[in-house]
$ cat structure15.cif   # mmCIF, C-alpha atoms
data_input
loop_
_atom_site.label_atom_id
_atom_site.label_comp_id
_atom_site.auth_asym_id
_atom_site.auth_seq_id
_atom_site.Cartn_x
_atom_site.Cartn_y
_atom_site.Cartn_z
CA MET A 1 18.85 -37.66 -17.73
CA THR A 2 19.76 -38.28 -14.09
CA GLN A 3 21.02 -41.73 -15.02
CA ALA A 4 23.74 -39.98 -17.01
CA LEU A 5 25.15 -38.44 -13.79
CA ARG A 6 28.02 -40.67 -12.67
CA PHE A 7 29.55 -40.63 -9.18
CA ASP A 8 33.17 -41.74 -8.91
CA ARG A 9 33.29 -42.71 -5.24
CA GLU A 10 37.06 -43.10 -5.13
CA ARG A 11 37.79 -39.58 -6.35
CA ASN A 12 34.53 -37.89 -5.32
CA LEU A 13 33.77 -36.70 -8.79
CA LEU A 14 30.25 -36.19 -10.10
CA LEU A 15 30.37 -36.29 -13.86
CA LEU A 16 27.72 -35.43 -16.39
CA GLY A 17 28.66 -35.58 -20.05
CA GLY A 18 32.29 -35.72 -18.94
CA ARG A 19 31.97 -32.41 -17.05
CA ARG A 20 32.21 -31.77 -13.33
CA ILE A 21 29.00 -31.31 -11.36
CA VAL A 22 29.18 -30.03 -7.78
CA PHE A 23 26.59 -29.67 -5.05
CA HIS A 24 26.06 -26.19 -3.66
CA CYS A 25 23.22 -24.58 -1.73
CA HIS A 26 21.26 -21.37 -2.26
CA HIS A 27 23.30 -19.50 0.36
CA TYR A 28 26.53 -19.99 -1.59
CA ASN A 29 24.93 -19.49 -4.99
CA LEU A 30 23.35 -16.18 -4.06
CA PHE A 31 26.27 -14.89 -2.01
CA LEU A 32 28.67 -15.64 -4.85
CA GLN A 33 26.34 -13.91 -7.31
CA GLN A 34 26.23 -10.87 -5.03
CA THR A 35 30.03 -10.97 -4.68
CA VAL A 36 30.49 -10.99 -8.44
CA SER A 37 27.98 -8.17 -8.71
CA ASP A 38 29.81 -6.08 -6.11
CA ALA A 39 33.14 -6.63 -7.84
CA LEU A 40 32.16 -6.34 -11.50
CA GLN A 41 29.26 -3.90 -11.13
CA LYS A 42 27.54 -3.34 -14.50
CA ASP A 43 29.46 -6.20 -16.14
CA ALA A 44 28.42 -8.84 -13.60
CA LYS A 45 25.21 -9.92 -15.30
CA THR A 46 26.94 -10.17 -18.69
CA VAL A 47 29.69 -12.35 -17.20
CA GLU A 48 27.21 -14.61 -15.41
CA VAL A 49 24.92 -15.07 -18.39
CA ALA A 50 27.90 -15.73 -20.67
CA ALA A 51 29.44 -18.21 -18.21
CA SER A 52 26.16 -20.06 -17.90
CA SER A 53 25.55 -20.08 -21.64
CA GLU A 54 29.05 -21.43 -22.30
CA ALA A 55 28.89 -24.16 -19.66
CA SER A 56 25.31 -25.21 -20.44
CA HIS A 57 25.83 -25.20 -24.18
CA LEU A 58 28.93 -27.40 -24.00
CA LEU A 59 27.30 -29.81 -21.56
CA LEU A 60 24.08 -30.09 -23.57
CA LEU A 61 25.96 -30.59 -26.82
CA GLU A 62 27.66 -33.63 -25.33
CA LEU A 63 24.51 -35.01 -23.71
CA LEU A 64 22.32 -34.47 -26.76
CA SER A 65 24.82 -36.18 -29.00
CA GLU A 66 24.87 -39.13 -26.55
CA GLU A 67 21.07 -39.20 -26.70
CA GLU A 68 21.10 -39.17 -30.49
CA ARG A 69 23.57 -42.05 -30.54
CA LYS A 70 21.09 -44.03 -28.44
CA ARG A 71 17.75 -42.85 -29.84
CA GLY A 72 18.49 -41.55 -33.31
CA LYS A 73 18.05 -37.99 -34.50
CA LEU A 74 16.09 -35.83 -32.08
CA SER A 75 13.61 -33.12 -33.03
CA PHE A 76 13.96 -29.54 -31.74
CA SER A 77 11.16 -30.12 -29.24
CA ALA A 78 12.74 -33.36 -28.01
CA LYS A 79 16.03 -31.53 -27.42
CA ILE A 80 14.30 -28.75 -25.52
CA ALA A 81 12.36 -31.31 -23.47
CA PHE A 82 15.70 -32.93 -22.60
CA ALA A 83 17.09 -29.57 -21.49
CA GLN A 84 13.93 -28.99 -19.45
CA GLN A 85 14.36 -32.31 -17.62
CA MET A 86 18.01 -31.55 -16.98
CA PHE A 87 17.26 -28.07 -15.60
CA MET A 88 14.73 -29.58 -13.18
CA ALA A 89 16.85 -32.57 -12.16
CA LEU A 90 19.77 -30.28 -11.29
CA GLY A 91 17.53 -28.22 -8.99
CA PHE A 92 17.26 -24.93 -10.89
CA GLY A 93 13.46 -24.78 -10.96
CA TYR A 94 10.50 -25.61 -13.18
CA PRO A 95 10.67 -24.21 -16.73
CA GLU A 96 7.62 -24.04 -19.00
CA VAL A 97 8.99 -24.35 -22.54
CA ALA A 98 5.82 -24.59 -24.66
CA GLN A 99 6.44 -21.10 -26.08
CA LEU A 100 9.99 -21.84 -27.20
CA THR A 101 10.51 -22.34 -30.95
CA PRO A 102 13.58 -22.46 -33.23
CA ALA A 103 13.13 -18.70 -33.65
CA GLY A 104 13.22 -18.07 -29.90
CA GLY A 105 10.31 -17.31 -27.62
CA ILE A 106 9.67 -17.42 -23.91
CA VAL A 107 10.71 -19.72 -21.06
CA THR A 108 8.60 -19.23 -17.96
CA LEU A 109 9.99 -20.38 -14.62
CA THR A 110 7.16 -21.17 -12.23
CA THR A 111 9.84 -21.92 -9.65
CA SER A 112 13.41 -20.69 -9.78
CA HIS A 113 16.27 -21.67 -7.44
CA TYR A 114 17.97 -18.30 -7.78
CA ALA A 115 14.79 -16.23 -7.38
CA LEU A 116 13.63 -18.29 -4.42
CA GLY A 117 17.08 -18.20 -2.86
CA TRP A 118 17.35 -14.45 -3.32
CA HIS A 119 13.98 -13.91 -1.67
CA LEU A 120 14.92 -16.13 1.27
CA LYS A 121 18.39 -14.70 1.75
CA MET A 122 18.33 -11.11 0.56
CA GLY A 123 14.67 -10.07 0.47
CA ARG A 124 13.21 -8.33 -2.53
CA ALA A 125 15.46 -7.77 -5.54
CA LYS A 126 15.53 -4.53 -7.52
CA THR A 127 16.31 -6.27 -10.81
CA PRO A 128 15.90 -9.84 -12.08
CA VAL A 129 18.38 -12.31 -10.61
CA CYS A 130 18.08 -15.48 -12.70
CA HIS A 131 21.26 -14.89 -14.68
CA PHE A 132 22.24 -18.54 -14.60
CA ALA A 133 18.82 -19.61 -15.93
CA THR A 134 18.98 -17.00 -18.68
CA GLY A 135 22.35 -18.30 -19.80
CA PHE A 136 21.19 -21.89 -19.52
CA TRP A 137 18.32 -21.34 -21.95
CA ILE A 138 20.54 -19.42 -24.35
CA GLY A 139 22.89 -22.41 -24.24
CA ALA A 140 20.01 -24.83 -24.70
CA LEU A 141 18.85 -23.05 -27.85
CA VAL A 142 22.40 -22.91 -29.20
CA ALA A 143 22.87 -26.64 -28.57
CA ALA A 144 19.44 -27.60 -29.92
CA LEU A 145 19.89 -25.61 -33.12
CA GLY A 146 23.61 -26.18 -33.62
CA ILE A 147 24.27 -22.48 -34.16
CA HIS A 148 26.94 -20.02 -33.06
CA PRO A 149 26.40 -18.82 -29.46
CA ASP A 150 26.37 -15.18 -30.57
CA ARG A 151 23.16 -15.80 -32.50
CA VAL A 152 20.99 -16.07 -29.40
CA PHE A 153 19.97 -13.14 -27.22
CA GLY A 154 18.30 -13.70 -23.88
CA GLU A 155 16.87 -11.40 -21.23
CA GLU A 156 14.95 -12.07 -18.05
CA THR A 157 12.06 -9.62 -18.23
CA ARG A 158 10.17 -10.65 -15.11
CA CYS A 159 11.48 -12.25 -11.91
CA ILE A 160 9.83 -13.65 -8.80
CA ALA A 161 12.66 -12.15 -6.76
CA CYS A 162 11.34 -8.66 -7.64
CA GLU A 163 7.78 -9.51 -6.64
CA GLY A 164 6.03 -6.90 -4.52
CA PRO A 165 2.73 -5.00 -4.17
CA GLU A 166 3.36 -2.84 -7.24
CA ASN A 167 5.06 -5.65 -9.14
CA PRO A 168 2.95 -8.77 -8.64
CA THR A 169 4.23 -11.88 -10.40
CA ASP A 170 4.22 -15.58 -9.73
CA SER A 171 6.80 -16.55 -12.33
CA CYS A 172 10.05 -15.54 -13.97
CA GLN A 173 10.06 -14.90 -17.69
CA ILE A 174 13.05 -15.26 -19.98
CA GLU A 175 12.69 -13.90 -23.50
CA LEU A 176 14.92 -15.45 -26.14
CA GLU A 177 15.61 -14.36 -29.68
CA VAL A 178 17.48 -16.24 -32.38
CA LEU A 179 19.12 -13.78 -34.77
CA MET B 180 38.04 -43.07 15.24
CA ALA B 181 34.44 -44.15 15.05
CA ILE B 182 33.70 -42.50 11.74
CA ASP B 183 33.14 -44.95 8.91
CA GLU B 184 33.62 -42.72 5.89
CA ALA B 185 32.77 -45.43 3.37
CA ALA B 186 29.47 -46.11 5.12
CA ILE B 187 28.61 -42.40 5.20
CA ILE B 188 29.40 -41.96 1.52
CA GLU B 189 27.35 -45.03 0.69
CA ALA B 190 24.37 -43.78 2.70
CA ILE B 191 24.45 -40.17 1.50
CA SER B 192 25.12 -40.91 -2.16
CA ASN B 193 22.24 -43.38 -2.13
CA LEU B 194 19.87 -40.56 -1.13
CA ALA B 195 20.13 -39.60 -4.83
CA PHE B 196 19.25 -35.92 -4.43
CA SER B 197 17.39 -34.79 -7.52
CA GLY B 198 14.93 -32.06 -8.41
CA ASN B 199 11.35 -32.64 -7.25
CA GLU B 200 8.20 -31.86 -9.24
CA GLU B 201 9.00 -28.13 -8.82
CA GLY B 202 12.56 -28.62 -10.02
CA LEU B 203 13.97 -27.90 -6.56
CA ILE B 204 16.16 -29.96 -4.22
CA PRO B 205 15.25 -29.22 -0.60
CA ALA B 206 17.66 -31.03 1.74
CA PHE B 207 19.54 -30.35 4.99
CA GLY B 208 17.26 -27.34 5.54
CA LEU B 209 18.64 -25.78 2.34
CA TYR B 210 17.86 -25.64 -1.35
CA LEU B 211 20.58 -27.55 -3.16
CA THR B 212 21.68 -27.49 -6.76
CA LYS B 213 23.77 -29.96 -8.68
CA HIS B 214 25.60 -27.18 -10.41
CA LEU B 215 28.03 -26.86 -13.29
CA ALA B 216 31.55 -26.48 -11.92
CA ASP B 217 32.53 -24.66 -15.10
CA TYR B 218 30.00 -21.94 -14.26
CA TYR B 219 31.39 -21.33 -10.78
CA ASN B 220 34.91 -21.30 -12.09
CA ARG B 221 34.22 -18.90 -14.92
CA ILE B 222 32.42 -16.30 -12.79
CA SER B 223 34.87 -16.61 -9.90
CA PHE B 224 38.00 -16.44 -12.01
CA ALA B 225 36.60 -13.64 -14.19
CA THR B 226 36.05 -11.65 -11.02
CA LEU B 227 39.51 -12.44 -9.72
CA ARG B 228 41.23 -11.61 -13.00
CA ARG B 229 39.37 -8.31 -13.29
CA LEU B 230 40.39 -7.27 -9.79
CA GLU B 231 43.96 -8.49 -10.30
CA ARG B 232 44.41 -5.91 -13.06
CA ASP B 233 44.87 -3.45 -10.21
CA PRO B 234 47.70 -4.61 -7.90
CA ALA B 235 45.97 -2.87 -5.01
CA LEU B 236 42.94 -5.15 -5.41
CA VAL B 237 44.67 -8.54 -5.69
CA GLU B 238 44.09 -9.45 -2.08
CA ASP B 239 40.56 -8.05 -2.18
CA GLY B 240 39.69 -10.49 -4.95
CA ARG B 241 41.01 -13.44 -3.00
CA TYR B 242 39.30 -12.27 0.15
CA LEU B 243 35.91 -11.86 -1.55
CA LEU B 244 35.97 -15.36 -3.00
CA ILE B 245 37.19 -16.96 0.22
CA GLU B 246 34.40 -15.11 2.02
CA SER B 247 31.94 -16.89 -0.28
CA GLY B 248 33.53 -20.13 0.91
CA HIS B 249 32.99 -19.06 4.53
CA VAL B 250 29.32 -18.44 3.78
CA CYS B 251 29.07 -21.83 2.12
CA ALA B 252 30.68 -23.59 5.07
CA PHE B 253 28.58 -21.77 7.64
CA HIS B 254 25.24 -22.53 6.01
CA THR B 255 25.90 -25.77 4.15
CA PHE B 256 28.16 -27.52 6.65
CA GLY B 257 26.25 -26.03 9.56
CA GLY B 258 22.92 -26.99 8.00
CA ILE B 259 24.13 -30.53 7.38
CA MET B 260 25.31 -30.96 10.98
CA LYS B 261 21.90 -29.85 12.26
CA SER B 262 19.90 -31.96 9.82
CA ALA B 263 17.80 -35.07 10.14
CA GLU B 264 20.06 -36.73 7.58
CA TRP B 265 23.06 -36.09 9.86
CA ASP B 266 21.18 -37.48 12.84
CA ALA B 267 20.26 -40.61 10.93
CA VAL B 268 23.57 -41.36 9.23
CA VAL B 269 26.47 -39.72 11.09
CA ARG B 270 25.38 -39.03 14.67
CA PRO B 271 25.37 -42.71 15.68
CA MET B 272 29.10 -42.81 14.85
CA LEU B 273 30.10 -39.74 16.87
CA GLU B 274 32.24 -40.37 19.93
CA THR B 275 34.38 -37.25 20.18
CA ARG B 276 34.13 -33.64 19.09
CA GLU B 277 36.70 -34.33 16.39
CA ASP B 278 34.43 -37.01 14.96
CA TRP B 279 32.05 -34.20 13.97
CA LEU B 280 34.73 -32.81 11.68
CA LEU B 281 35.60 -36.20 10.22
CA GLY B 282 31.92 -36.99 9.68
CA LEU B 283 31.42 -33.72 7.84
CA VAL B 284 34.48 -34.35 5.66
CA ALA B 285 32.94 -37.72 4.75
CA ILE B 286 29.82 -35.90 3.56
CA VAL B 287 31.91 -33.36 1.64
CA ASN B 288 33.24 -36.41 -0.15
CA CYS B 289 29.78 -36.91 -1.62
CA LEU B 290 29.48 -33.38 -3.04
CA GLY B 291 31.62 -33.77 -6.14
CA TRP B 292 34.27 -31.35 -4.88
CA GLY B 293 37.17 -33.83 -5.17
CA ARG B 294 38.51 -36.04 -2.39
CA TRP B 295 39.12 -34.29 0.91
CA SER B 296 41.33 -35.97 3.53
CA VAL B 297 42.31 -34.77 6.98
CA GLU B 298 46.09 -34.91 7.20
CA SER B 299 46.30 -33.69 10.77
CA LEU B 300 44.03 -32.15 13.37
CA VAL B 301 45.20 -30.53 16.58
CA PRO B 302 41.95 -29.92 18.45
CA SER B 303 41.05 -26.25 18.69
CA GLU B 304 44.40 -25.23 17.16
CA ARG B 305 45.20 -26.42 13.66
CA LEU B 306 43.73 -28.42 10.79
CA VAL B 307 45.50 -29.62 7.66
CA VAL B 308 43.32 -30.86 4.80
CA ARG B 309 44.47 -32.13 1.43
CA VAL B 310 42.20 -32.19 -1.60
CA ASN B 311 42.67 -34.27 -4.72
CA ASP B 312 40.90 -33.16 -7.89
CA SER B 313 39.67 -29.83 -6.52
CA TYR B 314 37.28 -28.55 -9.17
CA GLU B 315 38.60 -25.03 -8.76
CA ALA B 316 42.23 -25.99 -9.34
CA THR B 317 41.59 -28.39 -12.20
CA GLY B 318 39.25 -25.85 -13.79
CA TRP B 319 41.87 -23.13 -13.54
CA LEU B 320 44.59 -25.32 -15.01
CA ARG B 321 42.36 -26.30 -17.96
CA ASP B 322 41.47 -22.74 -18.93
CA TYR B 323 44.22 -20.38 -17.69
CA PRO B 324 48.01 -20.19 -17.41
CA ARG B 325 49.66 -21.88 -14.44
CA ALA B 326 48.94 -19.83 -11.33
CA ASP B 327 51.50 -18.40 -8.94
CA GLN B 328 49.08 -18.65 -6.00
CA GLY B 329 46.39 -21.06 -4.89
CA ARG B 330 43.10 -20.86 -6.72
CA CYS B 331 40.82 -22.92 -4.48
CA PHE B 332 38.89 -20.18 -2.74
CA LEU B 333 35.75 -22.15 -1.94
CA ALA B 334 37.80 -24.96 -0.41
CA CYS B 335 39.94 -22.48 1.53
CA GLY B 336 36.86 -20.91 3.07
CA GLY B 337 35.39 -24.34 3.68
CA VAL B 338 38.38 -25.60 5.65
CA ALA B 339 38.35 -22.52 7.88
CA GLY B 340 34.62 -23.00 8.27
CA LEU B 341 35.02 -26.54 9.58
CA MET B 342 37.18 -25.29 12.45
CA ASN B 343 35.01 -22.26 13.17
CA LEU B 344 31.84 -24.32 13.32
CA LEU B 345 33.42 -26.81 15.68
CA TYR B 346 35.72 -24.79 17.94
CA VAL B 347 34.33 -21.23 17.79
CA GLY B 348 30.61 -21.78 17.29
CA ASP B 349 30.31 -25.23 18.89
CA ILE B 350 28.03 -26.72 16.29
CA THR B 351 27.60 -29.75 18.56
CA GLN B 352 25.13 -27.63 20.54
CA ALA B 353 23.05 -26.86 17.42
CA PRO B 354 23.33 -23.04 17.59
CA GLU B 355 21.17 -20.84 15.41
CA LEU B 356 22.93 -20.11 12.12
CA SER B 357 22.16 -16.40 12.16
CA ASP B 358 23.99 -13.39 10.72
CA ALA B 359 25.24 -12.56 14.21
CA ALA B 360 26.55 -16.10 14.65
CA TYR B 361 28.31 -15.82 11.30
CA ARG B 362 30.10 -12.66 12.37
CA ARG B 363 31.04 -14.26 15.67
CA LEU B 364 32.48 -17.32 13.95
CA PHE B 365 34.36 -15.70 11.10
CA CYS B 366 35.19 -12.13 12.05
CA GLU B 367 36.86 -12.29 15.46
CA GLU B 368 40.44 -12.60 16.67
CA ASP B 369 39.89 -16.21 17.71
CA SER B 370 38.34 -17.14 14.35
CA PHE B 371 40.17 -19.61 12.16
CA ILE B 372 41.42 -18.60 8.76
CA ALA B 373 42.89 -20.95 6.19
CA ARG B 374 45.80 -20.68 3.77
CA GLU B 375 46.23 -22.76 0.65
CA THR B 376 49.81 -24.00 0.85
CA LEU B 377 49.77 -26.33 -2.16
CA CYS B 378 47.60 -26.06 -5.26
CA ILE B 379 47.27 -28.08 -8.43
CA ALA B 380 46.72 -24.79 -10.27
CA LYS B 381 50.33 -23.80 -9.55
CA GLY B 382 51.79 -27.19 -10.40
CA ASP B 383 51.54 -29.07 -7.12
CA ALA B 384 50.25 -32.65 -7.14
CA VAL B 385 47.53 -31.89 -4.62
CA CYS B 386 45.89 -28.92 -2.93
CA GLU B 387 46.58 -28.39 0.77
CA PHE B 388 44.95 -26.08 3.28
CA ILE B 389 46.03 -25.16 6.79
CA ALA B 390 43.55 -23.54 9.14
CA GLU B 391 44.78 -21.76 12.26
CA ARG B 392 43.44 -19.06 14.52
CA ALA B 393 43.82 -15.52 13.24
CA SER B 394 45.43 -14.58 16.54
CA THR B 395 48.10 -17.27 16.06
CA LEU B 396 48.89 -15.90 12.63
CA GLY B 397 48.99 -12.35 13.93
CA VAL B 398 46.14 -11.18 11.70
CA TYR B 399 42.49 -10.37 12.19
CA ALA B 400 39.89 -12.30 10.20
CA GLU B 401 38.02 -9.09 9.31
#
$ encode --input "structure15.cif" --output "structure tokens"
Amino acid sequence: MTQALRFDRERNLLLLGGRRIVFHCHHYNLFLQQTVSDALQKDAKTVEVAASSEASHLLLLELLSEEERKRGKLSFSAKIAFAQQMFMALGFGYPEVAQLTPAGGIVTLTTSHYALGWHLKMGRAKTPVCHFATGFWIGALVAALGIHPDRVFGEETRCIACEGPENPTDSCQIELEVL
Amino acid sequence: MAIDEAAIIEAISNLAFSGNEEGLIPAFGLYLTKHLADYYNRISFATLRRLERDPALVEDGRYLLIESGHVCAFHTFGGIMKSAEWDAVVRPMLETREDWLLGLVAIVNCLGWGRWSVESLVPSERLVVRVNDSYEATGWLRDYPRADQGRCFLACGGVAGLMNLLYVGDITQAPELSDAAYRRLFCEEDSFIARETLCIAKGDAVCEFIAERASTLGVYAE
């Protein structure tokens, strides 16, 4: 997957599947998420999940079709494994995907960039914070199944960022449902 | 100048930052992501457009997003200039204080943000940076009507941050990058603030940013 990331040194463009990739750190990622949350209030999570789903879905569609041109038709599990490698290579954490099927299921993040960053920067969160990851896995299912984006629901039901004495957890859990 | 930008880009881009066995990218004392520009643009511009529905909140929207750029500059640029990678690659080239800024711009030119170039630098007074292919501006132009104001909020905050790190916070002395230091750098009368004077999103050929002290502009960088 990482071989597909191309750096144009003249223009300083990082391109993956023809789309711009940019380096940013956890401070910016979490501060921007908090900024959006402050401004959009109850709509912030919806906007972030939708933005992630849209961007991830379009990127994966392109990359998976490139893969299929090279390797032939890919199975559902091969497409999800590709998305898993991409998620890790881009620095978003480690996703367990064994419980993900064409009907939906669960993605468990044993590490999560956003949850870790939130803990480091903001302390303990009141509600789950992995909105980007939730949207990413919605987008991955949409791309893997070739279905309309509205057919996948996703919700982070457990988040390391919320971990505390009365809420012990060592992973984030994203539940996905294909309608 | 002693800074060899091509050599820095070669060295940094060859570090090939990628997720480790935990899917994380620890570097420069930070956790990095190679993120989707379309994601940043969508959430930033959705926020801006929502706030711009109310004329009284137009400037608030711009301020909030530029503030995110300040935070990015403070931690990312500051972290880079205090890192082992900086010491190994850039520090041997540093001869003057201004070289610190040029060295950092060379590293920015490995981040996928478009090509940054320093058009002019008056030490401790004024910085003019031009950016080709800003991901914010090109993203705006692809998805929204032509803008009547600049749309490169991250870059705007970043350019101000370069000057604040160098001439307000003296990053050459490796200060602690604390919340108090952030407020000192970005929220005082002698802090630098940046304006975007040209932007691809409003039809210009390039994006341009000018950073000057808030006191010079007659405003406070609250």
$ interface_residues --input "structure15.cif" --of "chain A" --to "chain B" --cutoff "7 Å" --atoms "all atoms listed in the file" --output "PyMOL selection string"
chain A and resi 11-14+20-28+31-32+35-36+39-40+47-48+51-52+55+88-94+111+113
$ resolve_selection --input "structure15.cif" --expression "the PyMOL selection byres ((chain A and resi 125) around 12)" --output "PyMOL selection string"
chain A and resi 30+34+114-124+126-130+158-164+167
$ write_last_selection --input "structure15.cif" --atoms "C-alpha atoms" --output "compact mmCIF listing (two decimals), keeping the file's coordinate frame"
# COMPACT_ATOMS: atom_id res chain seq x y z
CA LEU A 30 23.35 -16.18 -4.06
CA GLN A 34 26.23 -10.87 -5.03
CA TYR A 114 17.97 -18.30 -7.78
CA ALA A 115 14.79 -16.23 -7.38
CA LEU A 116 13.63 -18.29 -4.42
CA GLY A 117 17.08 -18.20 -2.86
CA TRP A 118 17.35 -14.45 -3.32
CA HIS A 119 13.98 -13.91 -1.67
CA LEU A 120 14.92 -16.13 1.27
CA LYS A 121 18.39 -14.70 1.75
CA MET A 122 18.33 -11.11 0.56
CA GLY A 123 14.67 -10.07 0.47
CA ARG A 124 13.21 -8.33 -2.53
CA LYS A 126 15.53 -4.53 -7.52
CA THR A 127 16.31 -6.27 -10.81
CA PRO A 128 15.90 -9.84 -12.08
CA VAL A 129 18.38 -12.31 -10.61
CA CYS A 130 18.08 -15.48 -12.70
CA ARG A 158 10.17 -10.65 -15.11
CA CYS A 159 11.48 -12.25 -11.91
CA ILE A 160 9.83 -13.65 -8.80
CA ALA A 161 12.66 -12.15 -6.76
CA CYS A 162 11.34 -8.66 -7.64
CA GLU A 163 7.78 -9.51 -6.64
CA GLY A 164 6.03 -6.90 -4.52
CA ASN A 167 5.06 -5.65 -9.14
$ residues_around --input "structure15.cif" --residues "region 355-360 of chain B" --least-positions-apart "6" --cutoff "10 Å" --atoms "all atoms listed in the file" --output "PyMOL selection string"
chain B and resi 253-254+257-258+261+344+347-348+366
$ resolve_selection --input "structure15.cif" --expression "the PyMOL selection byres ((chain B and resi 327) around 9)" --output "number ranges by chain"
B: 325-326, 328-329, 380-382
$ resolve_selection --input "structure15.cif" --expression "the PyMOL selection byres ((chain A and resi 178) around 8)" --output "list in words"
Pro102, Ala103, Gly104, Arg151, Val152, Phe153, Leu176, Glu177 and Leu179 of chain A
$ atom_distance --input "structure15.cif" --atom1 "CA of His148 (chain A)" --atom2 "CA of Leu64 (chain A)"
16.4 Å
$ atom_distance --input "structure15.cif" --atom1 "CA of His131 (chain A)" --atom2 "CA of Val49 (chain A)"
5.2 Å
$ closest_residue --input "structure15.cif" --among "A:Glu96, A:Asp43, A:Glu166, A:Glu54" --to "Gly135 (chain A)" --atoms "all atoms listed in the file"
A:Glu54
